[in-house]
$ cat query23.pdb   # PDB, C-alpha atoms
MODEL        1
ATOM      1  CA  ASN A  21      17.652 108.932 -11.377
ATOM      2  CA  VAL A  22      18.541 107.025 -14.529
ATOM      3  CA  LEU A  23      21.546 105.574 -12.714
ATOM      4  CA  MET A  24      19.202 103.657 -10.399
ATOM      5  CA  ILE A  25      18.971 101.068 -13.161
ATOM      6  CA  CYS A  26      22.494 100.017 -12.206
ATOM      7  CA  PHE A  27      21.227  98.770  -8.827
ATOM      8  CA  PRO A  28      19.344  95.668 -10.046
ATOM      9  CA  LEU A  29      22.076  95.162 -12.647
ATOM     10  CA  ALA A  30      24.714  94.975  -9.911
ATOM     11  CA  ILE A  31      22.588  92.492  -7.940
ATOM     12  CA  HIS A  32      22.127  90.355 -11.058
ATOM     13  CA  MET A  33      25.869  90.262 -11.728
ATOM     14  CA  GLU A  34      26.585  89.441  -8.086
ATOM     15  CA  GLU A  35      24.184  86.491  -8.107
ATOM     16  CA  ASN A  36      25.651  85.196 -11.368
ATOM     17  CA  HIS A  37      29.268  85.604 -10.163
ATOM     18  CA  GLY A  38      30.139  88.335 -12.615
ATOM     19  CA  ASP A  39      33.346  90.301 -12.884
ATOM     20  CA  PRO A  40      34.040  92.011  -9.515
ATOM     21  CA  SER A  41      35.257  95.182 -11.234
ATOM     22  CA  ASN A  42      31.993  95.489 -13.191
ATOM     23  CA  ILE A  43      29.963  94.835 -10.024
ATOM     24  CA  PHE A  44      31.887  97.550  -8.200
ATOM     25  CA  PHE A  45      31.419 100.016 -11.075
ATOM     26  CA  CYS A  46      27.669  99.392 -11.257
ATOM     27  CA  SER A  47      27.322  99.660  -7.485
ATOM     28  CA  LEU A  48      29.218 102.940  -7.542
ATOM     29  CA  LEU A  49      26.904 104.343 -10.188
ATOM     30  CA  ALA A  50      23.825 103.038  -8.354
ATOM     31  CA  ILE A  51      24.691 104.602  -5.008
ATOM     32  CA  ALA A  52      25.115 108.106  -6.473
ATOM     33  CA  PRO A  53      21.389 108.869  -7.088
ATOM     34  CA  PHE A  54      20.422 107.436  -3.692
ATOM     35  CA  ALA A  55      22.952 109.714  -1.989
ATOM     36  CA  GLU A  56      21.634 112.681  -3.981
ATOM     37  CA  ARG A  57      18.019 111.930  -3.009
ATOM     38  CA  LEU A  58      19.015 111.591   0.640
ATOM     39  CA  SER A  59      20.781 114.944   0.508
ATOM     40  CA  PHE A  60      17.747 116.529  -1.184
ATOM     41  CA  VAL A  61      15.345 115.218   1.466
ATOM     42  CA  THR A  62      17.634 116.465   4.237
ATOM     43  CA  GLU A  63      17.810 119.930   2.670
ATOM     44  CA  GLN A  64      14.031 120.065   2.316
ATOM     45  CA  LEU A  65      13.626 119.162   5.986
ATOM     46  CA  ALA A  66      16.114 121.864   6.886
ATOM     47  CA  LEU A  67      14.074 124.460   4.985
ATOM     48  CA  HIS A  68      11.000 123.757   7.119
ATOM     49  CA  THR A  69      12.818 123.665  10.465
ATOM     50  CA  SER A  70      15.195 125.920  12.353
ATOM     51  CA  GLU A  71      18.745 126.568  11.189
ATOM     52  CA  VAL A  72      20.226 124.586  14.077
ATOM     53  CA  LEU A  73      17.988 121.567  13.550
ATOM     54  CA  GLY A  74      18.536 121.727   9.804
ATOM     55  CA  GLY A  75      22.291 121.767  10.253
ATOM     56  CA  MET A  76      22.125 118.834  12.637
ATOM     57  CA  LEU A  77      19.957 116.850  10.215
ATOM     58  CA  ASN A  78      22.339 117.589   7.398
ATOM     59  CA  ALA A  79      25.364 116.569   9.457
ATOM     60  CA  THR A  80      23.667 113.412  10.749
ATOM     61  CA  PHE A  81      22.070 112.047   7.593
ATOM     62  CA  GLY A  82      24.704 113.426   5.245
ATOM     63  CA  ASN A  83      27.037 110.589   6.210
ATOM     64  CA  VAL A  84      24.515 107.751   5.988
ATOM     65  CA  THR A  85      26.054 106.545   2.724
ATOM     66  CA  GLU A  86      29.489 106.242   4.289
ATOM     67  CA  LEU A  87      27.967 104.536   7.320
ATOM     68  CA  ILE A  88      26.264 101.892   5.167
ATOM     69  CA  VAL A  89      29.439 101.248   3.174
ATOM     70  CA  SER A  90      31.461 101.004   6.402
ATOM     71  CA  LEU A  91      29.025  98.514   7.937
ATOM     72  CA  PHE A  92      29.235  96.218   4.912
ATOM     73  CA  ALA A  93      33.019  96.606   4.804
ATOM     74  CA  LEU A  94      33.270  95.647   8.481
ATOM     75  CA  LYS A  95      31.000  92.679   7.859
ATOM     76  CA  TYR A  96      33.482  91.307   5.324
ATOM     77  CA  GLY A  97      36.568  92.212   7.351
ATOM     78  CA  MET A  98      37.715  95.137   5.177
ATOM     79  CA  LEU A  99      39.057  97.177   8.076
ATOM     80  CA  ARG A 100      41.519  99.187   5.987
ATOM     81  CA  ILE A 101      38.701 100.468   3.751
ATOM     82  CA  VAL A 102      36.763 101.638   6.811
ATOM     83  CA  GLN A 103      39.824 103.390   8.225
ATOM     84  CA  CYS A 104      40.571 105.168   4.947
ATOM     85  CA  SER A 105      36.923 106.159   4.583
ATOM     86  CA  LEU A 106      36.828 107.664   8.073
ATOM     87  CA  LEU A 107      40.129 109.466   7.525
ATOM     88  CA  GLY A 108      38.938 110.910   4.228
ATOM     89  CA  SER A 109      35.653 112.022   5.770
ATOM     90  CA  ILE A 110      37.401 113.731   8.678
ATOM     91  CA  LEU A 111      39.913 115.522   6.465
ATOM     92  CA  SER A 112      37.305 116.621   3.934
ATOM     93  CA  ASN A 113      35.010 118.043   6.619
ATOM     94  CA  LEU A 114      37.763 119.725   8.621
ATOM     95  CA  LEU A 115      39.715 121.126   5.677
ATOM     96  CA  LEU A 116      37.611 121.252   2.509
ATOM     97  CA  VAL A 117      34.139 121.971   3.889
ATOM     98  CA  LEU A 118      35.302 124.292   6.662
ATOM     99  CA  GLY A 119      37.708 126.112   4.352
ATOM    100  CA  CYS A 120      35.019 126.628   1.697
ATOM    101  CA  ALA A 121      32.599 127.898   4.337
ATOM    102  CA  PHE A 122      35.133 130.434   5.600
ATOM    103  CA  PHE A 123      36.143 131.506   2.093
ATOM    104  CA  PHE A 124      32.704 131.981   0.553
ATOM    105  CA  GLY A 125      31.346 133.440   3.774
ATOM    106  CA  GLY A 126      34.178 135.963   3.773
ATOM    107  CA  VAL A 127      33.481 136.869   0.152
ATOM    108  CA  ARG A 128      29.924 137.900   0.985
ATOM    109  CA  HIS A 129      30.384 139.213   4.529
ATOM    110  CA  ALA A 130      33.317 141.336   5.614
ATOM    111  CA  THR A 131      32.966 140.103   9.196
ATOM    112  CA  GLN A 132      31.600 136.679  10.107
ATOM    113  CA  ARG A 133      30.113 136.233  13.553
ATOM    114  CA  TYR A 134      29.534 132.907  15.298
ATOM    115  CA  ASP A 135      27.722 131.933  18.430
ATOM    116  CA  GLN A 136      30.286 131.640  21.205
ATOM    117  CA  LYS A 137      28.519 128.851  23.110
ATOM    118  CA  SER A 138      28.056 126.745  19.981
ATOM    119  CA  ALA A 139      31.670 127.241  18.908
ATOM    120  CA  GLU A 140      32.959 126.253  22.357
ATOM    121  CA  ALA A 141      30.760 123.141  22.387
ATOM    122  CA  HIS A 142      31.944 122.021  18.947
ATOM    123  CA  ALA A 143      35.582 122.667  19.874
ATOM    124  CA  ALA A 144      35.203 120.638  23.069
ATOM    125  CA  VAL A 145      33.622 117.711  21.207
ATOM    126  CA  LEU A 146      36.375 117.881  18.570
ATOM    127  CA  VAL A 147      39.121 117.730  21.213
ATOM    128  CA  LEU A 148      37.306 114.913  23.020
ATOM    129  CA  GLY A 149      36.986 112.946  19.782
ATOM    130  CA  ALA A 150      40.664 113.393  18.957
ATOM    131  CA  VAL A 151      41.761 112.307  22.436
ATOM    132  CA  THR A 152      39.493 109.263  22.550
ATOM    133  CA  MET A 153      40.731 108.123  19.138
ATOM    134  CA  VAL A 154      44.363 108.373  20.233
ATOM    135  CA  VAL A 155      44.055 106.654  23.618
ATOM    136  CA  PRO A 156      43.492 103.063  22.312
ATOM    137  CA  ASP A 157      46.474 103.398  19.950
ATOM    138  CA  VAL A 158      48.689 104.643  22.758
ATOM    139  CA  LEU A 159      47.588 101.750  24.969
ATOM    140  CA  GLY A 160      48.262  99.237  22.206
ATOM    141  CA  GLU A 161      51.718 100.619  21.428
ATOM    142  CA  THR A 162      52.681 100.843  25.100
ATOM    143  CA  LYS A 163      51.673  97.281  25.966
ATOM    144  CA  SER A 164      52.955  95.788  22.722
ATOM    145  CA  SER A 165      56.416  97.107  23.537
ATOM    146  CA  ARG A 166      56.280  95.060  26.738
ATOM    147  CA  HIS A 167      55.238  91.922  24.830
ATOM    148  CA  GLU A 168      51.924  91.630  26.643
ATOM    149  CA  ASP A 169      48.626  90.366  25.353
ATOM    150  CA  THR A 170      46.875  93.628  24.467
ATOM    151  CA  GLU A 171      44.254  92.646  21.911
ATOM    152  CA  SER A 172      41.419  92.123  24.406
ATOM    153  CA  ASP A 173      42.299  95.250  26.413
ATOM    154  CA  VAL A 174      42.465  97.481  23.354
ATOM    155  CA  LEU A 175      39.221  96.003  22.011
ATOM    156  CA  SER A 176      37.418  96.616  25.289
ATOM    157  CA  LEU A 177      38.744 100.175  25.503
ATOM    158  CA  SER A 178      37.756 100.867  21.892
ATOM    159  CA  ARG A 179      34.197  99.781  22.601
ATOM    160  CA  TRP A 180      33.970 102.081  25.596
ATOM    161  CA  VAL A 181      35.431 104.883  23.461
ATOM    162  CA  SER A 182      32.698 104.346  20.867
ATOM    163  CA  VAL A 183      30.070 104.608  23.602
ATOM    164  CA  VAL A 184      31.631 107.872  24.830
ATOM    165  CA  LEU A 185      31.670 109.293  21.294
ATOM    166  CA  LEU A 186      28.018 108.397  20.694
ATOM    167  CA  PHE A 187      27.027 109.929  24.027
ATOM    168  CA  SER A 188      29.037 113.071  23.215
ATOM    169  CA  TYR A 189      27.309 113.465  19.866
ATOM    170  CA  ALA A 190      23.881 112.977  21.430
ATOM    171  CA  SER A 191      24.756 115.538  24.111
ATOM    172  CA  LEU A 192      25.915 117.995  21.449
ATOM    173  CA  ILE A 193      22.620 117.644  19.579
ATOM    174  CA  ALA A 194      20.638 118.183  22.784
ATOM    175  CA  PHE A 195      22.789 121.201  23.624
ATOM    176  CA  GLU A 196      22.404 122.748  20.175
ATOM    177  CA  LEU A 197      18.656 122.267  20.168
ATOM    178  CA  GLY A 198      18.413 123.768  23.641
ATOM    179  CA  ILE A 199      20.237 126.974  22.751
ATOM    180  CA  SER A 200      17.844 129.877  22.344
ATOM    181  CA  PRO A 201      18.915 132.948  20.409
ATOM    182  CA  ALA A 202      19.991 135.833  22.565
ATOM    183  CA  PRO A 203      17.450 138.641  22.792
ATOM    184  CA  PRO A 204      18.406 141.730  20.815
ATOM    185  CA  GLU A 205      20.040 144.483  22.772
ATOM    186  CA  ILE A 206      17.720 147.489  23.155
ATOM    187  CA  SER A 207      19.465 150.728  23.837
ATOM    188  CA  PRO A 208      17.857 152.942  26.505
ATOM    189  CA  PRO A 209      16.036 156.040  25.306
ATOM    190  CA  LEU A 210      18.193 159.110  25.156
ATOM    191  CA  SER A 211      17.312 161.840  27.650
ATOM    192  CA  PRO A 212      16.883 165.303  26.126
ATOM    193  CA  SER A 213      19.715 167.706  26.619
ATOM    194  CA  PRO A 214      19.289 170.823  28.789
ATOM    195  CA  GLU A 215      19.522 173.056  25.677
ATOM    196  CA  ALA A 216      16.623 171.190  24.045
ATOM    197  CA  LEU A 217      14.520 171.573  27.217
ATOM    198  CA  ASP A 218      15.230 175.329  27.368
ATOM    199  CA  ALA A 219      14.328 175.732  23.690
ATOM    200  CA  GLU A 220      11.074 173.826  24.228
ATOM    201  CA  CYS A 221      10.183 175.951  27.243
ATOM    202  CA  GLU A 222      10.877 179.145  25.309
ATOM    203  CA  GLY A 223       8.674 177.936  22.469
ATOM    204  CA  VAL A 224       5.808 177.320  24.862
TER     205      VAL A 224
ENDMDL
END

$ encode --input "query23.pdb" --output "structure tokens"
Amino acid sequence: NVLMICFPLAIHMEENHGDPSNIFFCSLLAIAPFAERLSFVTEQLALHTSEVLGGMLNATFGNVTELIVSLFALKYGMLRIVQCSLLGSILSNLLLVLGCAFFFGGVRHATQRYDQKSAEAHAAVLVLGAVTMVVPDVLGETKSSRHEDTESDVLSLSRWVSVVLLFSYASLIAFELGISPAPPEISPPLSPSPEALDAECEGV
């Protein structure tokens, strides 16, 4: 929390046209405690809710910091920073986070079991996201090879793709929250064997 002091310091240097490198360093230090507090609040909410809702809250609000940085970067036309940030986030979640979850889960549990419906839904959304991200690039490369004006078409398609991705994420959240745990399997009572019945009759 001590690093929060860097926040007003960064604003002061920005208003007085200070060194950009010092402003960036102070902003970097200032955003760290805010990200930690946001993660702490999300974890506390997850403790008082269900596992599914807690995971969704963590996944949704865990990337708020990157979203804020991306919005400001887009505002100032820093498209390459946004692209690199999204690429790093995707790779870290798919490789680092998923790999650590599999590794440490395997250390504690010999066999890890996952809900089939949830896994299929996440896999479908992942494939849909990959396809929708590739389609605008394919359209741009195809039309640019024909020397056609493609900027407006690619921009329009990208906006529709963003709408599809947002709708897919909202549908995934609704699906996850609607899944109820399967009732435990109850084995039928075992019928007594004929030998046990004969022994009981003899005892009577």

$ residues_near_point --input "query23.pdb" --point "(29.0, 96.5, -10.6)" --cutoff "10 Å" --atoms "all atoms listed in the file" --output "PyMOL selection string"
chain A and resi 26-34+38-50

$ residues_around --input "query23.pdb" --residues "Ile110 in chain A" --least-positions-apart "4" --cutoff "12 Å" --atoms "only C-alpha atoms" --output "list in words"
Asn83, Glu86, Gln103, Cys104, Ser105, Leu106, Leu114, Leu115, Leu116, Val117, Leu118, Leu146, Gly149 and Ala150 of chain A

$ residues_around --input "query23.pdb" --residues "Leu65 in chain A" --least-positions-apart "6" --cutoff "9 Å" --atoms "all atoms listed in the file" --output "ChimeraX atom specification"
/A:74,77-78

$ atom_distance --input "query23.pdb" --atom1 "CA of Phe195 in chain A" --atom2 "CA of His142 in chain A"
10.3 Å

$ closest_residue --input "query23.pdb" --among "A:Thr80, A:Phe54, A:Lys95, A:Asp157" --to "Ala66 in chain A" --atoms "only C-alpha atoms"
A:Thr80

$ residues_around --input "query23.pdb" --residues "range 174-181 of chain A" --least-positions-apart "2" --cutoff "10 Å" --atoms "all atoms listed in the file" --output "tab-separated table (two decimals) with C-alpha atoms, keeping the file's coordinate frame"
chain	number	residue	atom	x	y	z
A	149	GLY	CA	36.99	112.95	19.78
A	151	VAL	CA	41.76	112.31	22.44
A	152	THR	CA	39.49	109.26	22.55
A	153	MET	CA	40.73	108.12	19.14
A	155	VAL	CA	44.06	106.65	23.62
A	156	PRO	CA	43.49	103.06	22.31
A	157	ASP	CA	46.47	103.40	19.95
A	158	VAL	CA	48.69	104.64	22.76
A	159	LEU	CA	47.59	101.75	24.97
A	160	GLY	CA	48.26	99.24	22.21
A	161	GLU	CA	51.72	100.62	21.43
A	163	LYS	CA	51.67	97.28	25.97
A	169	ASP	CA	48.63	90.37	25.35
A	170	THR	CA	46.88	93.63	24.47
A	171	GLU	CA	44.25	92.65	21.91
A	172	SER	CA	41.42	92.12	24.41
A	183	VAL	CA	30.07	104.61	23.60
A	184	VAL	CA	31.63	107.87	24.83
A	185	LEU	CA	31.67	109.29	21.29
A	186	LEU	CA	28.02	108.40	20.69
A	187	PHE	CA	27.03	109.93	24.03

$ atom_distance --input "query23.pdb" --atom1 "CA of Leu148 in chain A" --atom2 "CA of Gly108 in chain A"
19.3 Å
